[in-house]
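So this block is final26.pdb, PDB, C-alpha atoms and all ligand atoms:
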```
ATOM      1  CA  MET H 574      -5.326  -7.030  37.718  1.00  0.00           C
ATOM      2  CA  ILE H 575      -3.004  -9.994  37.310  1.00  0.00           C
ATOM      3  CA  SER H 576      -4.659 -13.326  36.618  1.00  0.00           C
ATOM      4  CA  LEU H 577      -3.263 -16.844  36.901  1.00  0.00           C
ATOM      5  CA  ALA H 578      -2.827 -16.886  33.136  1.00  0.00           C
ATOM      6  CA  ASN H 579      -0.272 -14.046  33.459  1.00  0.00           C
ATOM      7  CA  ILE H 580       1.913 -16.031  35.845  1.00  0.00           C
ATOM      8  CA  ALA H 581       4.036 -18.633  34.060  1.00  0.00           C
ATOM      9  CA  HIS H 582       4.009 -22.056  35.739  1.00  0.00           C
ATOM     10  CA  ALA H 583       1.172 -21.114  38.115  1.00  0.00           C
ATOM     11  CA  PHE H 584      -0.986 -23.999  39.316  1.00  0.00           C
ATOM     12  CA  VAL H 585      -4.545 -23.795  38.025  1.00  0.00           C
ATOM     13  CA  PHE H 586      -5.802 -26.162  40.727  1.00  0.00           C
ATOM     14  CA  CYS H 587      -4.521 -26.442  44.276  1.00  0.00           C
ATOM     15  CA  PRO H 588      -2.144 -29.412  44.589  1.00  0.00           C
ATOM     16  CA  ARG H 589      -3.318 -29.911  48.191  1.00  0.00           C
ATOM     17  CA  CYS H 590      -7.120 -29.637  48.044  1.00  0.00           C
ATOM     18  CA  ARG H 591      -7.876 -29.371  44.296  1.00  0.00           C
ATOM     19  CA  ALA H 592      -9.788 -26.082  44.582  1.00  0.00           C
ATOM     20  CA  GLU H 593      -9.303 -23.546  41.798  1.00  0.00           C
ATOM     21  CA  MET H 594      -6.337 -21.262  42.510  1.00  0.00           C
ATOM     22  CA  ALA H 595      -6.588 -17.441  42.594  1.00  0.00           C
ATOM     23  CA  VAL H 596      -4.042 -14.627  42.622  1.00  0.00           C
ATOM     24  CA  VAL H 597      -3.481 -12.859  45.952  1.00  0.00           C
ATOM     25  CA  ALA H 598      -0.817 -10.294  46.855  1.00  0.00           C
ATOM     26  CA  SER H 599       1.573 -11.726  49.388  1.00  0.00           C
ATOM     27  CA  GLY H 600       4.876 -10.206  50.426  1.00  0.00           C
ATOM     28  CA  GLY H 601       4.348  -7.471  47.859  1.00  0.00           C
ATOM     29  CA  ARG H 602       3.945  -9.831  44.901  1.00  0.00           C
ATOM     30  CA  PRO H 603       0.928 -11.428  43.249  1.00  0.00           C
ATOM     31  CA  ARG H 604       1.137 -15.134  44.021  1.00  0.00           C
ATOM     32  CA  PRO H 605      -1.027 -18.108  43.058  1.00  0.00           C
ATOM     33  CA  THR H 606      -3.025 -18.824  46.205  1.00  0.00           C
ATOM     34  CA  CYS H 607      -5.707 -21.335  47.135  1.00  0.00           C
ATOM     35  CA  PRO H 608      -8.830 -19.563  48.452  1.00  0.00           C
ATOM     36  CA  SER H 609      -9.966 -22.798  50.071  1.00  0.00           C
ATOM     37  CA  CYS H 610      -6.980 -24.074  52.102  1.00  0.00           C
ATOM     38  CA  GLY H 611      -4.608 -21.081  51.919  1.00  0.00           C
ATOM     39  CA  PHE H 612      -1.801 -22.840  50.045  1.00  0.00           C
ATOM     40  CA  ILE H 613       0.507 -20.286  48.383  1.00  0.00           C
ATOM     41  CA  GLN H 614       2.630 -21.270  45.396  1.00  0.00           C
ATOM     42  CA  TYR H 615       6.055 -19.615  45.693  1.00  0.00           C
ATOM     43  CA  LEU H 616       7.732 -19.682  42.314  1.00  0.00           C
ATOM     44  CA  ASN H 617      11.524 -19.724  42.461  1.00  0.00           C
ATOM     45  CA  PRO H 618      14.279 -20.141  39.892  1.00  0.00           C
ATOM     46  CA  ALA H 619      15.603 -23.688  39.643  1.00  0.00           C
ATOM     47  CA  PRO H 620      19.207 -24.078  40.837  1.00  0.00           C
ATOM     48  CA  GLY H 621      21.801 -25.889  38.791  1.00  0.00           C
ATOM     49  CA  ALA H 622      25.551 -26.290  38.661  1.00  0.00           C
ATOM     50  CA  GLY H 623      28.211 -26.731  36.030  1.00  0.00           C
ATOM     51  CA  VAL H 624      31.954 -27.094  35.670  1.00  0.00           C
ATOM     52  CA  ILE H 625      34.754 -25.366  33.844  1.00  0.00           C
ATOM     53  CA  LEU H 626      37.105 -28.228  33.118  1.00  0.00           C
ATOM     54  CA  ARG H 627      40.295 -27.489  31.190  1.00  0.00           C
ATOM     55  CA  ARG H 628      42.973 -29.484  29.424  1.00  0.00           C
ATOM     56  CA  GLY H 629      45.716 -26.999  28.694  1.00  0.00           C
ATOM     57  CA  ALA H 630      44.168 -24.197  26.677  1.00  0.00           C
ATOM     58  CA  THR H 631      40.994 -26.163  25.883  1.00  0.00           C
ATOM     59  CA  VAL H 632      37.727 -26.378  27.799  1.00  0.00           C
ATOM     60  CA  CYS H 633      35.244 -29.240  28.069  1.00  0.00           C
ATOM     61  CA  LEU H 634      31.899 -28.757  26.316  1.00  0.00           C
ATOM     62  CA  VAL H 635      28.994 -31.099  25.739  1.00  0.00           C
ATOM     63  CA  ARG H 636      26.457 -31.101  22.912  1.00  0.00           C
ATOM     64  CA  ARG H 637      22.847 -31.194  24.071  1.00  0.00           C
ATOM     65  CA  ARG H 638      20.901 -34.287  23.131  1.00  0.00           C
ATOM     66  CA  PHE H 639      17.501 -32.857  24.133  1.00  0.00           C
ATOM     67  CA  GLU H 640      15.456 -29.690  23.825  1.00  0.00           C
ATOM     68  CA  PRO H 641      15.655 -26.897  24.586  1.00  0.00           C
ATOM     69  CA  ARG H 642      18.499 -26.066  22.213  1.00  0.00           C
ATOM     70  CA  ALA H 643      19.214 -29.661  21.191  1.00  0.00           C
ATOM     71  CA  GLY H 644      22.400 -29.883  19.116  1.00  0.00           C
ATOM     72  CA  GLN H 645      23.936 -26.782  20.684  1.00  0.00           C
ATOM     73  CA  TRP H 646      26.817 -26.782  23.155  1.00  0.00           C
ATOM     74  CA  THR H 647      27.180 -25.984  26.856  1.00  0.00           C
ATOM     75  CA  LEU H 648      29.565 -26.481  29.714  1.00  0.00           C
ATOM     76  CA  PRO H 649      28.668 -29.718  31.570  1.00  0.00           C
ATOM     77  CA  THR H 650      25.716 -28.605  33.686  1.00  0.00           C
ATOM     78  CA  GLY H 651      22.536 -29.871  35.279  1.00  0.00           C
ATOM     79  CA  PHE H 652      19.848 -29.323  37.874  1.00  0.00           C
ATOM     80  CA  GLN H 653      20.330 -29.755  41.591  1.00  0.00           C
ATOM     81  CA  GLU H 654      18.466 -32.713  43.047  1.00  0.00           C
ATOM     82  CA  TRP H 655      16.241 -32.143  46.078  1.00  0.00           C
ATOM     83  CA  ASP H 656      18.598 -33.755  48.596  1.00  0.00           C
ATOM     84  CA  GLU H 657      21.892 -32.689  47.043  1.00  0.00           C
ATOM     85  CA  ASP H 658      24.538 -30.107  47.913  1.00  0.00           C
ATOM     86  CA  ILE H 659      25.118 -27.805  44.921  1.00  0.00           C
ATOM     87  CA  ALA H 660      28.803 -28.765  44.727  1.00  0.00           C
ATOM     88  CA  THR H 661      27.761 -32.413  44.522  1.00  0.00           C
ATOM     89  CA  THR H 662      25.489 -31.489  41.614  1.00  0.00           C
ATOM     90  CA  ALA H 663      28.445 -30.087  39.678  1.00  0.00           C
ATOM     91  CA  VAL H 664      30.581 -33.208  40.237  1.00  0.00           C
ATOM     92  CA  ARG H 665      27.716 -35.584  39.431  1.00  0.00           C
ATOM     93  CA  GLU H 666      26.694 -33.761  36.254  1.00  0.00           C
ATOM     94  CA  ALA H 667      30.289 -33.662  35.025  1.00  0.00           C
ATOM     95  CA  ARG H 668      30.592 -37.411  35.534  1.00  0.00           C
ATOM     96  CA  GLU H 669      27.212 -38.186  33.944  1.00  0.00           C
ATOM     97  CA  GLU H 670      27.725 -36.013  30.879  1.00  0.00           C
ATOM     98  CA  THR H 671      31.460 -36.469  30.228  1.00  0.00           C
ATOM     99  CA  GLY H 672      32.476 -39.725  31.930  1.00  0.00           C
ATOM    100  CA  LEU H 673      35.129 -37.794  33.844  1.00  0.00           C
ATOM    101  CA  GLN H 674      35.543 -37.734  37.589  1.00  0.00           C
ATOM    102  CA  VAL H 675      36.300 -34.169  38.670  1.00  0.00           C
ATOM    103  CA  ARG H 676      37.385 -32.326  41.773  1.00  0.00           C
ATOM    104  CA  LEU H 677      36.146 -28.766  42.264  1.00  0.00           C
ATOM    105  CA  THR H 678      38.873 -26.187  42.782  1.00  0.00           C
ATOM    106  CA  GLY H 679      36.875 -23.000  43.188  1.00  0.00           C
ATOM    107  CA  LEU H 680      33.761 -20.993  42.503  1.00  0.00           C
ATOM    108  CA  PHE H 681      33.913 -19.184  39.156  1.00  0.00           C
ATOM    109  CA  ALA H 682      30.576 -17.406  38.707  1.00  0.00           C
ATOM    110  CA  VAL H 683      26.881 -17.522  39.491  1.00  0.00           C
ATOM    111  CA  HIS H 684      24.450 -16.451  36.773  1.00  0.00           C
ATOM    112  CA  THR H 685      20.675 -16.259  36.663  1.00  0.00           C
ATOM    113  CA  GLY H 686      19.087 -16.639  33.263  1.00  0.00           C
ATOM    114  CA  ILE H 687      16.151 -18.108  31.380  1.00  0.00           C
ATOM    115  CA  LEU H 688      16.046 -21.714  30.263  1.00  0.00           C
ATOM    116  CA  PRO H 689      13.922 -21.416  27.121  1.00  0.00           C
ATOM    117  CA  PRO H 690      11.103 -20.870  26.830  1.00  0.00           C
ATOM    118  CA  ASP H 691      10.447 -19.299  30.240  1.00  0.00           C
ATOM    119  CA  ARG H 692      12.051 -21.151  33.155  1.00  0.00           C
ATOM    120  CA  PRO H 693      14.280 -18.977  35.369  1.00  0.00           C
ATOM    121  CA  VAL H 694      17.396 -20.800  36.501  1.00  0.00           C
ATOM    122  CA  THR H 695      20.379 -19.900  38.664  1.00  0.00           C
ATOM    123  CA  VAL H 696      23.546 -21.710  37.666  1.00  0.00           C
ATOM    124  CA  VAL H 697      26.625 -22.022  39.863  1.00  0.00           C
ATOM    125  CA  PHE H 698      29.773 -22.506  37.766  1.00  0.00           C
ATOM    126  CA  TYR H 699      32.776 -24.129  39.430  1.00  0.00           C
ATOM    127  CA  GLU H 700      36.300 -24.559  38.200  1.00  0.00           C
ATOM    128  CA  ALA H 701      37.337 -28.200  38.302  1.00  0.00           C
ATOM    129  CA  VAL H 702      40.198 -30.558  37.516  1.00  0.00           C
ATOM    130  CA  GLU H 703      40.071 -34.145  36.279  1.00  0.00           C
ATOM    131  CA  CYS H 704      40.849 -36.921  38.729  1.00  0.00           C
ATOM    132  CA  GLY H 705      39.666 -40.034  36.892  1.00  0.00           C
ATOM    133  CA  GLY H 706      37.331 -41.565  34.362  1.00  0.00           C
ATOM    134  CA  GLU H 707      37.446 -41.494  30.574  1.00  0.00           C
ATOM    135  CA  LEU H 708      35.984 -38.918  28.213  1.00  0.00           C
ATOM    136  CA  ARG H 709      32.701 -40.287  26.863  1.00  0.00           C
ATOM    137  CA  ALA H 710      29.412 -38.488  26.268  1.00  0.00           C
ATOM    138  CA  GLY H 711      26.638 -39.765  28.477  1.00  0.00           C
ATOM    139  CA  ASP H 712      23.248 -39.004  29.977  1.00  0.00           C
ATOM    140  CA  ASP H 713      21.737 -36.042  28.103  1.00  0.00           C
ATOM    141  CA  ALA H 714      24.953 -35.190  26.241  1.00  0.00           C
ATOM    142  CA  ALA H 715      25.223 -36.317  22.620  1.00  0.00           C
ATOM    143  CA  GLU H 716      28.946 -35.475  22.385  1.00  0.00           C
ATOM    144  CA  ALA H 717      31.633 -34.333  24.779  1.00  0.00           C
ATOM    145  CA  GLY H 718      35.044 -32.932  24.013  1.00  0.00           C
ATOM    146  CA  PHE H 719      37.708 -30.346  24.743  1.00  0.00           C
ATOM    147  CA  PHE H 720      37.851 -27.291  22.518  1.00  0.00           C
ATOM    148  CA  ALA H 721      40.002 -24.204  22.162  1.00  0.00           C
ATOM    149  CA  LEU H 722      38.171 -21.052  23.201  1.00  0.00           C
ATOM    150  CA  ASP H 723      38.780 -19.508  19.778  1.00  0.00           C
ATOM    151  CA  ALA H 724      37.570 -22.644  17.967  1.00  0.00           C
ATOM    152  CA  LEU H 725      34.327 -23.581  19.717  1.00  0.00           C
ATOM    153  CA  PRO H 726      32.545 -26.505  18.028  1.00  0.00           C
ATOM    154  CA  GLY H 727      29.199 -24.786  17.454  1.00  0.00           C
ATOM    155  CA  ARG H 728      26.604 -22.472  18.897  1.00  0.00           C
ATOM    156  CA  ILE H 729      26.642 -22.093  22.697  1.00  0.00           C
ATOM    157  CA  ALA H 730      23.114 -22.772  23.930  1.00  0.00           C
ATOM    158  CA  PHE H 731      22.545 -20.398  26.827  1.00  0.00           C
ATOM    159  CA  ALA H 732      23.433 -16.802  27.713  1.00  0.00           C
ATOM    160  CA  ALA H 733      24.906 -17.799  31.102  1.00  0.00           C
ATOM    161  CA  HIS H 734      27.291 -20.232  29.418  1.00  0.00           C
ATOM    162  CA  ARG H 735      28.255 -17.670  26.776  1.00  0.00           C
ATOM    163  CA  LYS H 736      28.982 -15.225  29.589  1.00  0.00           C
ATOM    164  CA  VAL H 737      31.286 -17.729  31.316  1.00  0.00           C
ATOM    165  CA  LEU H 738      33.069 -18.623  28.075  1.00  0.00           C
ATOM    166  CA  ARG H 739      33.517 -14.930  27.276  1.00  0.00           C
ATOM    167  CA  ALA H 740      35.017 -14.408  30.734  1.00  0.00           C
ATOM    168  CA  LEU H 741      37.450 -17.250  29.967  1.00  0.00           C
ATOM    169  CA  GLY H 742      38.469 -15.496  26.754  1.00  0.00           C
ATOM    170  CA  ALA H 743      36.198 -16.903  24.037  1.00  0.00           C
ATOM    171  CA  PRO H 744      35.466 -14.352  21.304  1.00  0.00           C
ATOM    172  CA  LEU H 745      31.670 -14.544  21.631  1.00  0.00           C
ATOM    173  CA  GLU H 746      29.315 -11.678  20.922  1.00  0.00           C
ATOM    174  CA  GLU H 747      27.099 -10.397  23.710  1.00  0.00           C
ATOM    175  CA  GLU H 748      23.512 -11.377  22.921  1.00  0.00           C
ATOM    176  CA  PRO H 749      20.230 -11.581  24.806  1.00  0.00           C
TER     177      PRO H 749
HETATM  178 ZN    ZN F   1      -6.099 -25.700  48.541  1.00  0.00          ZN
END
```

Could I get this file's structure written as structure tokens?
Amino acid sequence: MISLANIAHAFVFCPRCRAEMAVVASGGRPRPTCPSCGFIQYLNPAPGAGVILRRGATVCLVRRRFEPRAGQWTLPTGFQEWDEDIATTAVREAREETGLQVRLTGLFAVHTGILPPDRPVTVVFYEAVECGGELRAGDDAAEAGFFALDALPGRIAFAAHRKVLRALGAPLEEEP
């Protein structure tokens, strides 16, 4: 029997009527459900987007200012806002984190992974080119720069980003 405590991010109390939530099978899966008003909490991965931005043989990376994985490096990436197209997310995050205005040139990959400790995310990676701005770390990036794939500046924070960098030719080991 699955209890609420076994479901990460499950509401304990109903956000609509404040009754205590229970677990009820719905659509073949146990879901947090309100026995009082019928509210069902559907848990979904959070969507995000990032860019692969190159200068010659180098690629743009940013160093994370905040946890999780503060101090480690990623492609410029962030979460999709409620009212935003996913392509707009990629352009906005690139500008916020690197100071660079970019134009998307194609879809590169879509990866689902875990944002530590336990948040499932689906990240859409676009290829992009610069069309303005000046390189400057901003928002939740502590540093931003362009690096050769065989001379990355430090540890790459997330498996999805390592996968993309490997696909681009970086000599990174496969790891969980
Ligand atoms: Zn309720």

| query | Nearest to Arg604 of chain H among H:Ala581, H:Ala714, H:Val635, H:Leu688, with distances taken over all atoms listed in the file: which residue is it? | reply |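 Result for the nearest residue to Arg604 of chain H: H:Ala581.
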
To verify the selection step, state as a short mmCIF file (atom, residue, chain, number, x, y, z; two decimals) with C-alpha atoms, keeping the file's coordinate frame which residues the PyMOL selection byres (((not hetatm)) within 9 of (chain F and resi 1)) yields on this input.
```
data_model
loop_
_atom_site.label_atom_id
_atom_site.label_comp_id
_atom_site.auth_asym_id
_atom_site.auth_seq_id
_atom_site.Cartn_x
_atom_site.Cartn_y
_atom_site.Cartn_z
CA PHE H 586 -5.80 -26.16 40.73
CA CYS H 587 -4.52 -26.44 44.28
CA PRO H 588 -2.14 -29.41 44.59
CA ARG H 589 -3.32 -29.91 48.19
CA CYS H 590 -7.12 -29.64 48.04
CA ARG H 591 -7.88 -29.37 44.30
CA ALA H 592 -9.79 -26.08 44.58
CA GLU H 593 -9.30 -23.55 41.80
CA MET H 594 -6.34 -21.26 42.51
CA THR H 606 -3.02 -18.82 46.20
CA CYS H 607 -5.71 -21.34 47.14
CA PRO H 608 -8.83 -19.56 48.45
CA SER H 609 -9.97 -22.80 50.07
CA CYS H 610 -6.98 -24.07 52.10
CA GLY H 611 -4.61 -21.08 51.92
CA PHE H 612 -1.80 -22.84 50.04
CA ILE H 613 0.51 -20.29 48.38
#
```

Glu669 of chain H proximity check over H:His734, H:Arg709, H:Arg636, H:Arg728, using only C-alpha atoms: winner is H:Arg709

message = Once the PyMOL selection byres (((chain H and resi 701) around 7) and not hetatm) is applied to the coordinates I shared, what remains selected? I want it as a list of chain:residue names.
response = H:Val624, H:Ile625, H:Leu626, H:Val675, H:Arg676, H:Leu677, H:Thr678, H:Tyr699, H:Glu700, H:Val702, H:Glu703

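Note that atom CA of Glu640 of chain H and atom CA of Asp723 of chain H are 25.8 Å apart.
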
Which residues are close to Lys736 of chain H, i.e. within 8 Å by all atoms listed in the file, leaving aside same-chain residues fewer than 4 positions away? Reply as a short mmCIF file (atom, residue, chain, number, x, y, z; two decimals) with C-alpha atoms, in the frame of the given file.
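Contents of the output file part_10.cif:
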```cif
data_model
loop_
_atom_site.label_atom_id
_atom_site.label_comp_id
_atom_site.auth_asym_id
_atom_site.auth_seq_id
_atom_site.Cartn_x
_atom_site.Cartn_y
_atom_site.Cartn_z
CA ALA H 732 23.43 -16.80 27.71
CA ALA H 740 35.02 -14.41 30.73
CA GLU H 747 27.10 -10.40 23.71
#
```

| request: Determine, counting all atoms listed in the file, which protein, DNA and RNA residues have an atom within 8 Å of an atom of Ile575 of chain H; residues of the same chain fewer than 3 positions away are not included. Present the result as a list of chain:residue names. | output: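 Neighbouring residues, sequence-local ones excluded: H:Asn579, H:Ile580, H:Val596, H:Pro603.
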
Export, as an mmCIF file, in the frame of the given file, the selected residues with C-alpha atoms.
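Once everything was written out, this is selection-v4.cif:
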```
data_model
loop_
_atom_site.group_PDB
_atom_site.id
_atom_site.type_symbol
_atom_site.label_atom_id
_atom_site.label_comp_id
_atom_site.auth_asym_id
_atom_site.auth_seq_id
_atom_site.Cartn_x
_atom_site.Cartn_y
_atom_site.Cartn_z
ATOM 1 C CA ASN H 579 -0.272 -14.046 33.459
ATOM 2 C CA ILE H 580 1.913 -16.031 35.845
ATOM 3 C CA VAL H 596 -4.042 -14.627 42.622
ATOM 4 C CA PRO H 603 0.928 -11.428 43.249
#
```

| query | Could you pull the residues within 9 Å of segment 691-695 of chain H, counting all atoms listed in the file, minus those fewer than 5 positions along the same chain, as a ChimeraX atom specification? | reply | /H:581-582,617-622,652,683-686

Selection from above, C-alpha atoms, as a PDB file, in the frame of the given file, can you write it?
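Saved file out_1.pdb follows:
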```pdb
ATOM      1  CA  ALA H 581       4.036 -18.633  34.060  1.00  0.00           C
ATOM      2  CA  HIS H 582       4.009 -22.056  35.739  1.00  0.00           C
ATOM      3  CA  ASN H 617      11.524 -19.724  42.461  1.00  0.00           C
ATOM      4  CA  PRO H 618      14.279 -20.141  39.892  1.00  0.00           C
ATOM      5  CA  ALA H 619      15.603 -23.688  39.643  1.00  0.00           C
ATOM      6  CA  PRO H 620      19.207 -24.078  40.837  1.00  0.00           C
ATOM      7  CA  GLY H 621      21.801 -25.889  38.791  1.00  0.00           C
ATOM      8  CA  ALA H 622      25.551 -26.290  38.661  1.00  0.00           C
ATOM      9  CA  PHE H 652      19.848 -29.323  37.874  1.00  0.00           C
ATOM     10  CA  VAL H 683      26.881 -17.522  39.491  1.00  0.00           C
ATOM     11  CA  HIS H 684      24.450 -16.451  36.773  1.00  0.00           C
ATOM     12  CA  THR H 685      20.675 -16.259  36.663  1.00  0.00           C
ATOM     13  CA  GLY H 686      19.087 -16.639  33.263  1.00  0.00           C
TER      14      GLY H 686
END
```

Computed gap from atom CA of Asp658 of chain H to atom CA of Val696 of chain H is 13.3 Å

Distance query Phe719 of chain H at most 7 Å, only C-alpha atoms, self and fewer than 5 positions along chain excluded, as a CSV table (one decimal) with C-alpha atoms, in the frame of the given file:
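What landed in result.csv:
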```csv
chain,number,residue,atom,x,y,z
H,631,THR,CA,41.0,-26.2,25.9
H,632,VAL,CA,37.7,-26.4,27.8
H,633,CYS,CA,35.2,-29.2,28.1
H,634,LEU,CA,31.9,-28.8,26.3
```

Closest of H:Phe731, H:Ser599, H:Val737, H:Leu673 to Arg642 of chain H, counting all atoms listed in the file, is H:Phe731

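Across H:Ala733, H:Ala595, H:Ala710, H:Pro690, the tightest approach to Ala667 of chain H is made by H:Ala710 when counting only C-alpha atoms.
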
Pairwise distance, atom CA of Leu738 of chain H with atom CA of Ala682 of chain H, equals 11.0 Å

inquiry  = Please determine, counting all atoms listed in the file, which residue among H:Leu648, H:Ala598, H:Thr662, H:Phe639 has the shortest atom-to-atom distance to Ser576 of chain H.
reply    =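 Of all the options, H:Ala598 lies closest to Ser576 of chain H.
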
Point to revise | Within 12 Å of file point (30.5, -43.2, 31.6), counting all atoms listed in the file, expressed as a PyMOL selection string | key: chain H and resi 665-674+705-714+717

Around segment 672-681 of chain H, fit a box with edges along x, y and z, padding it by 6 Å on each side, then list its centre and edge lengths in Å to one decimal as JSON.
```
{"center_x": 35.7, "center_y": -29.5, "center_z": 37.6, "size_x": 18.4, "size_y": 32.5, "size_z": 23.3}
```

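Ranking H:Thr661, H:Leu616, H:Gly742, H:Arg735 by their shortest atom-to-atom distance to Gln645 of chain H, with all atoms listed in the file included, puts H:Arg735 first.
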